[in-house]
Amino acid sequence: MIRAFTDIHLRFAQREVLRGLTLNVAAGGITCLLGPSGCGKSTLLRIAADLLRPNSGTVSLPAAQTAMVFQEPRLLPWLTVAENLGLALSPQPSENSRNRIRQVLSCVRLNGVEDLMPRELSGGMAQRVGIARALLRNPAFLLMDEPFASLDAITRGELQTMLMGLIAQQRTTCLFVTHDIQEALHIASHLAVLHNGVIALTEAVPREFAAREQLKQRVLAWLQRPAA
C-alpha cells in the first residue's frame with residue numbers, strides 16, 4: 001500500500017469538506033473510492049492532480065507522475081483523435097509521437113481511429129480516447145472520476161474489463177471514484193468509503209462471494225448514514 005494523503009483538510013466557505021483525511025492506495029492496483037454525491041470524492045482527485053490545494057495536509061502522489069480521466073472525454077470537437085491526443089505530447093508532432101499515439105490507442109483497443117473526428121465516435125470509444133490521452137503521460141498514478149457512469153451497461157462492462165487488464169499489465173496505481181458498489185467490487189483490489197470528510201472504511205476486496213456480500217453490506221451501511 002502507498003500513503004497517498006495524510007491529514008488533508010479542505011474548507012469551502014463555512015463548509016468543511018475534508019476533515020483530516022488520510023488514505024492509502026493499493027500499489028499497482030485499483031483502489032475504489034465510494035461515497036454519496038457531494039461528499040468530496042471528486043474534490044480529493046482534484047487535490048491529487050494538483051488542480052486544487054488543500055488548506056493543510058500532505059499529498060504524496062507527485063503531480064508530474066499523475067494523469068486524470070474525467071467523467072466526460074473532453075475532446076476538442078474540431079480536432080481529430082490523433083490531434084486531440086497530440087496535445088498531451090510535444091507541441092511539434094514527430095514520427096515518434098505518432099507512433100506513441102498508435103501504441104496507446106492499441107492499448108485501449110482503438111486501432112485505426114487516428115483520423116476520426118470526435119463526432120464519429122461512440123460514447124465508449126470517446127471515453128477510451130480519454131483514457132489513451134492519460135496513458136500518454138506514462139503515469140505512475142491514474143486518477144479516474146466516474147469515467148464509465150454515463151455509458152450503457154454492456155459498454156461499461158467492456159471498459160471495466162479493459163481497465164483491469166491495463167492496470168494489471170502496466171502496474172499503474174489507480175484511484176477510481178465511483179458511486180456504484182457493484183462496479184467497485186468488480187474492478188477493485190481495495191475499497192475506501194468517504195464519509196463526513198474522512199475515510200470511514202478501507203478493506204481489501206475478497207474473492208469469495210459470501211465475503212464480498214458481507215463487505216457490500218458494510219459499505220452500504222456507511223453510505224446510508226446521514227452526514228453530520
# chains A, B, ... in the order shown; residues from 1 in each chain; ligands from 1
>>> residues_around(residues="segment 146-158 of chain A", least_positions_apart="5", cutoff="7 Å", atoms="only C-alpha atoms", output="ChimeraX atom specification")
/A:69-72,123-124,177-178
>>> closest_residue(among="A:Leu79, A:Leu223, A:Met68, A:Val193", to="Ala132 of chain A", atoms="only C-alpha atoms")
A:Met68
>>> residues_around(residues="Asp180 of chain A", least_positions_apart="5", cutoff="10 Å", atoms="only C-alpha atoms", output="number ranges by chain")
A: 32-36, 146, 149, 185
>>> residues_around(residues="segment 167-169 of chain A", least_positions_apart="4", cutoff="7 Å", atoms="only C-alpha atoms", output="VMD selection string")
chain A and resid 28 to 29 163
>>> write_last_selection(atoms="C-alpha atoms", output="CSV table (one decimal), in the first residue's frame")
chain,number,residue,atom,x,y,z
A,28,GLY,CA,-0.1,-1.4,-8.8
A,29,GLY,CA,-3.8,-2.0,-8.4
A,163,LEU,CA,-9.2,-1.1,-17.5
>>> residues_around(residues="Thr58 of chain A", least_positions_apart="2", cutoff="7 Å", atoms="only C-alpha atoms", output="short mmCIF file (atom, residue, chain, number, x, y, z; two decimals) with C-alpha atoms, in the first residue's frame")
data_model
loop_
_atom_site.label_atom_id
_atom_site.label_comp_id
_atom_site.auth_asym_id
_atom_site.auth_seq_id
_atom_site.Cartn_x
_atom_site.Cartn_y
_atom_site.Cartn_z
CA PHE A 5 -2.97 11.52 1.52
CA THR A 6 -2.15 12.45 5.10
CA ASP A 7 -4.35 14.64 7.32
CA ILE A 8 -5.97 16.54 4.43
CA SER A 60 2.25 12.03 -1.53
#
>>> residues_around(residues="Leu75 of chain A", least_positions_apart="6", cutoff="12 Å", atoms="only C-alpha atoms", output="MDAnalysis selection string")
chainID A and resid 69 81:88 116:121 123 125:133
>>> write_last_selection(atoms="N, CA, C and O atoms", output="compact mmCIF listing (two decimals), in the first residue's frame")
# COMPACT_ATOMS: atom_id res chain seq x y z
N VAL A 69 -8.52 10.99 -15.65
CA VAL A 69 -9.58 10.70 -16.61
C VAL A 69 -10.88 11.21 -15.99
O VAL A 69 -11.26 10.79 -14.89
N VAL A 81 -8.90 12.55 -33.60
CA VAL A 81 -8.46 11.80 -32.43
C VAL A 81 -6.96 11.97 -32.22
O VAL A 81 -6.49 12.26 -31.11
N ALA A 82 -6.19 11.82 -33.29
CA ALA A 82 -4.72 11.95 -33.18
C ALA A 82 -4.33 13.35 -32.74
O ALA A 82 -3.41 13.53 -31.93
N GLU A 83 -5.01 14.36 -33.26
CA GLU A 83 -4.69 15.74 -32.89
C GLU A 83 -5.05 16.01 -31.43
O GLU A 83 -4.32 16.72 -30.72
N ASN A 84 -6.16 15.45 -30.97
CA ASN A 84 -6.51 15.58 -29.55
C ASN A 84 -5.46 14.94 -28.67
O ASN A 84 -5.03 15.53 -27.67
N LEU A 85 -5.03 13.76 -29.04
CA LEU A 85 -4.02 13.07 -28.24
C LEU A 85 -2.67 13.77 -28.33
O LEU A 85 -1.91 13.80 -27.36
N GLY A 86 -2.39 14.36 -29.47
CA GLY A 86 -1.13 15.06 -29.65
C GLY A 86 -0.96 16.23 -28.70
O GLY A 86 0.17 16.63 -28.39
N LEU A 87 -2.07 16.77 -28.20
CA LEU A 87 -1.98 17.88 -27.25
C LEU A 87 -1.31 17.47 -25.94
O LEU A 87 -0.80 18.32 -25.21
N ALA A 88 -1.32 16.16 -25.66
CA ALA A 88 -0.67 15.67 -24.45
C ALA A 88 0.81 15.42 -24.65
O ALA A 88 1.52 15.10 -23.68
N LEU A 116 -10.32 9.98 -37.22
CA LEU A 116 -11.73 10.23 -36.98
C LEU A 116 -11.91 11.50 -36.15
O LEU A 116 -11.06 11.87 -35.35
N MET A 117 -13.06 12.15 -36.35
CA MET A 117 -13.44 13.30 -35.53
C MET A 117 -14.23 12.81 -34.31
O MET A 117 -14.86 11.75 -34.36
N PRO A 118 -14.21 13.56 -33.21
CA PRO A 118 -14.96 13.13 -32.02
C PRO A 118 -16.42 12.80 -32.29
O PRO A 118 -16.98 11.88 -31.68
N ARG A 119 -17.07 13.54 -33.22
CA ARG A 119 -18.49 13.28 -33.51
C ARG A 119 -18.71 11.91 -34.14
O ARG A 119 -19.84 11.40 -34.18
N GLU A 120 -17.65 11.31 -34.67
CA GLU A 120 -17.75 10.00 -35.31
C GLU A 120 -17.53 8.85 -34.33
O GLU A 120 -17.60 7.68 -34.72
N LEU A 121 -17.29 9.17 -33.07
CA LEU A 121 -17.03 8.16 -32.06
C LEU A 121 -18.27 7.88 -31.23
O LEU A 121 -19.06 8.79 -30.95
N GLY A 123 -19.93 6.80 -27.50
CA GLY A 123 -19.56 7.25 -26.16
C GLY A 123 -18.44 6.42 -25.57
O GLY A 123 -17.51 6.95 -24.96
N MET A 125 -16.16 4.70 -27.25
CA MET A 125 -14.92 4.98 -27.98
C MET A 125 -14.31 6.28 -27.50
O MET A 125 -13.08 6.38 -27.31
N ALA A 126 -15.13 7.30 -27.32
CA ALA A 126 -14.62 8.60 -26.88
C ALA A 126 -13.98 8.48 -25.49
O ALA A 126 -12.93 9.08 -25.23
N GLN A 127 -14.59 7.68 -24.62
CA GLN A 127 -14.01 7.53 -23.28
C GLN A 127 -12.69 6.76 -23.36
O GLN A 127 -11.76 7.04 -22.60
N ARG A 128 -12.57 5.81 -24.28
CA ARG A 128 -11.30 5.12 -24.48
C ARG A 128 -10.22 6.10 -24.93
O ARG A 128 -9.07 6.00 -24.52
N VAL A 129 -10.59 7.06 -25.78
CA VAL A 129 -9.63 8.08 -26.21
C VAL A 129 -9.19 8.90 -25.00
O VAL A 129 -8.01 9.25 -24.86
N GLY A 130 -10.13 9.20 -24.10
CA GLY A 130 -9.77 9.93 -22.89
C GLY A 130 -8.78 9.16 -22.04
O GLY A 130 -7.84 9.73 -21.46
N ILE A 131 -8.96 7.85 -21.95
CA ILE A 131 -8.02 7.02 -21.20
C ILE A 131 -6.68 6.98 -21.91
O ILE A 131 -5.61 7.05 -21.27
N ALA A 132 -6.71 6.87 -23.25
CA ALA A 132 -5.45 6.86 -24.02
C ALA A 132 -4.67 8.15 -23.80
O ALA A 132 -3.44 8.14 -23.67
N ARG A 133 -5.38 9.27 -23.73
CA ARG A 133 -4.71 10.56 -23.50
C ARG A 133 -3.99 10.56 -22.15
O ARG A 133 -2.87 11.05 -22.04
>>> residues_around(residues="Leu201 of chain A", least_positions_apart="3", cutoff="9 Å", atoms="only C-alpha atoms", output="VMD selection string")
chain A and resid 191 to 195 218 to 219 222
>>> write_last_selection(atoms="all heavy atoms", output="PDB file, in the first residue's frame")
ATOM      1  N   LEU A 191     -11.212  -1.194  -1.400  1.00  0.00           N
ATOM      2  CA  LEU A 191     -12.269  -0.192  -1.337  1.00  0.00           C
ATOM      3  C   LEU A 191     -11.996   0.774  -0.196  1.00  0.00           C
ATOM      4  O   LEU A 191     -11.428   0.407   0.830  1.00  0.00           O
ATOM      5  CB  LEU A 191     -13.637  -0.841  -1.082  1.00  0.00           C
ATOM      6  CG  LEU A 191     -14.176  -1.887  -2.041  1.00  0.00           C
ATOM      7  CD1 LEU A 191     -15.594  -2.262  -1.637  1.00  0.00           C
ATOM      8  CD2 LEU A 191     -14.143  -1.384  -3.465  1.00  0.00           C
ATOM      9  N   ALA A 192     -12.410   2.025  -0.408  1.00  0.00           N
ATOM     10  CA  ALA A 192     -12.368   3.032   0.646  1.00  0.00           C
ATOM     11  C   ALA A 192     -13.679   3.806   0.615  1.00  0.00           C
ATOM     12  O   ALA A 192     -14.170   4.139  -0.470  1.00  0.00           O
ATOM     13  CB  ALA A 192     -11.184   3.976   0.468  1.00  0.00           C
ATOM     14  N   VAL A 193     -14.243   4.067   1.770  1.00  0.00           N
ATOM     15  CA  VAL A 193     -15.507   4.803   1.865  1.00  0.00           C
ATOM     16  C   VAL A 193     -15.242   6.155   2.503  1.00  0.00           C
ATOM     17  O   VAL A 193     -14.660   6.240   3.592  1.00  0.00           O
ATOM     18  CB  VAL A 193     -16.549   4.029   2.691  1.00  0.00           C
ATOM     19  CG1 VAL A 193     -17.827   4.850   2.843  1.00  0.00           C
ATOM     20  CG2 VAL A 193     -16.864   2.686   2.036  1.00  0.00           C
ATOM     21  N   LEU A 194     -15.667   7.213   1.804  1.00  0.00           N
ATOM     22  CA  LEU A 194     -15.530   8.585   2.306  1.00  0.00           C
ATOM     23  C   LEU A 194     -16.843   9.003   2.953  1.00  0.00           C
ATOM     24  O   LEU A 194     -17.902   8.972   2.315  1.00  0.00           O
ATOM     25  CB  LEU A 194     -15.175   9.519   1.141  1.00  0.00           C
ATOM     26  CG  LEU A 194     -15.001  11.001   1.444  1.00  0.00           C
ATOM     27  CD1 LEU A 194     -13.961  11.226   2.528  1.00  0.00           C
ATOM     28  CD2 LEU A 194     -14.609  11.750   0.170  1.00  0.00           C
ATOM     29  N   HIS A 195     -16.776   9.380   4.229  1.00  0.00           N
ATOM     30  CA  HIS A 195     -17.972   9.768   4.970  1.00  0.00           C
ATOM     31  C   HIS A 195     -17.609  10.882   5.941  1.00  0.00           C
ATOM     32  O   HIS A 195     -16.648  10.775   6.704  1.00  0.00           O
ATOM     33  CB  HIS A 195     -18.538   8.564   5.744  1.00  0.00           C
ATOM     34  CG  HIS A 195     -19.771   8.883   6.539  1.00  0.00           C
ATOM     35  ND1 HIS A 195     -21.009   9.065   5.948  1.00  0.00           N
ATOM     36  CD2 HIS A 195     -19.965   9.053   7.871  1.00  0.00           C
ATOM     37  CE1 HIS A 195     -21.903   9.318   6.874  1.00  0.00           C
ATOM     38  NE2 HIS A 195     -21.298   9.321   8.059  1.00  0.00           N
ATOM     39  N   ARG A 218     -21.421  -3.883   4.604  1.00  0.00           N
ATOM     40  CA  ARG A 218     -20.724  -2.909   5.450  1.00  0.00           C
ATOM     41  C   ARG A 218     -20.586  -1.565   4.734  1.00  0.00           C
ATOM     42  O   ARG A 218     -20.747  -0.501   5.350  1.00  0.00           O
ATOM     43  CB  ARG A 218     -19.347  -3.446   5.851  1.00  0.00           C
ATOM     44  CG  ARG A 218     -19.406  -4.606   6.838  1.00  0.00           C
ATOM     45  CD  ARG A 218     -18.064  -4.861   7.501  1.00  0.00           C
ATOM     46  NE  ARG A 218     -17.042  -5.285   6.552  1.00  0.00           N
ATOM     47  CZ  ARG A 218     -16.868  -6.549   6.173  1.00  0.00           C
ATOM     48  NH1 ARG A 218     -17.659  -7.508   6.626  1.00  0.00           N
ATOM     49  NH2 ARG A 218     -15.884  -6.863   5.347  1.00  0.00           N
ATOM     50  N   VAL A 219     -20.281  -1.626   3.440  1.00  0.00           N
ATOM     51  CA  VAL A 219     -20.167  -0.385   2.667  1.00  0.00           C
ATOM     52  C   VAL A 219     -21.514   0.312   2.595  1.00  0.00           C
ATOM     53  O   VAL A 219     -21.618   1.534   2.793  1.00  0.00           O
ATOM     54  CB  VAL A 219     -19.626  -0.683   1.255  1.00  0.00           C
ATOM     55  CG1 VAL A 219     -19.712   0.570   0.376  1.00  0.00           C
ATOM     56  CG2 VAL A 219     -18.183  -1.173   1.322  1.00  0.00           C
ATOM     57  N   TRP A 222     -22.403   2.281   5.679  1.00  0.00           N
ATOM     58  CA  TRP A 222     -21.738   3.586   5.767  1.00  0.00           C
ATOM     59  C   TRP A 222     -22.371   4.582   4.804  1.00  0.00           C
ATOM     60  O   TRP A 222     -22.579   5.750   5.151  1.00  0.00           O
ATOM     61  CB  TRP A 222     -20.250   3.449   5.480  1.00  0.00           C
ATOM     62  CG  TRP A 222     -19.445   3.056   6.673  1.00  0.00           C
ATOM     63  CD1 TRP A 222     -18.848   1.856   6.929  1.00  0.00           C
ATOM     64  CD2 TRP A 222     -19.174   3.889   7.810  1.00  0.00           C
ATOM     65  NE1 TRP A 222     -18.224   1.879   8.145  1.00  0.00           N
ATOM     66  CE2 TRP A 222     -18.403   3.110   8.714  1.00  0.00           C
ATOM     67  CE3 TRP A 222     -19.503   5.199   8.156  1.00  0.00           C
ATOM     68  CZ2 TRP A 222     -17.956   3.613   9.924  1.00  0.00           C
ATOM     69  CZ3 TRP A 222     -19.054   5.701   9.371  1.00  0.00           C
ATOM     70  CH2 TRP A 222     -18.302   4.915  10.243  1.00  0.00           C
TER      71      TRP A 222
END
>>> atom_distance(atom1="atom CA of Ala48 of chain A", atom2="atom CA of Leu175 of chain A")
9.7 Å
>>> atom_distance(atom1="atom CA of Ala27 of chain A", atom2="atom CA of Ile47 of chain A")
19.0 Å
>>> select_by_dssp(residues="segment 15-219 of chain A", states="strand (DSSP E or B)", output="number ranges by chain")
A: 15-25, 30-34, 56-59, 66-69, 141-145, 173-177, 190-195, 198-204
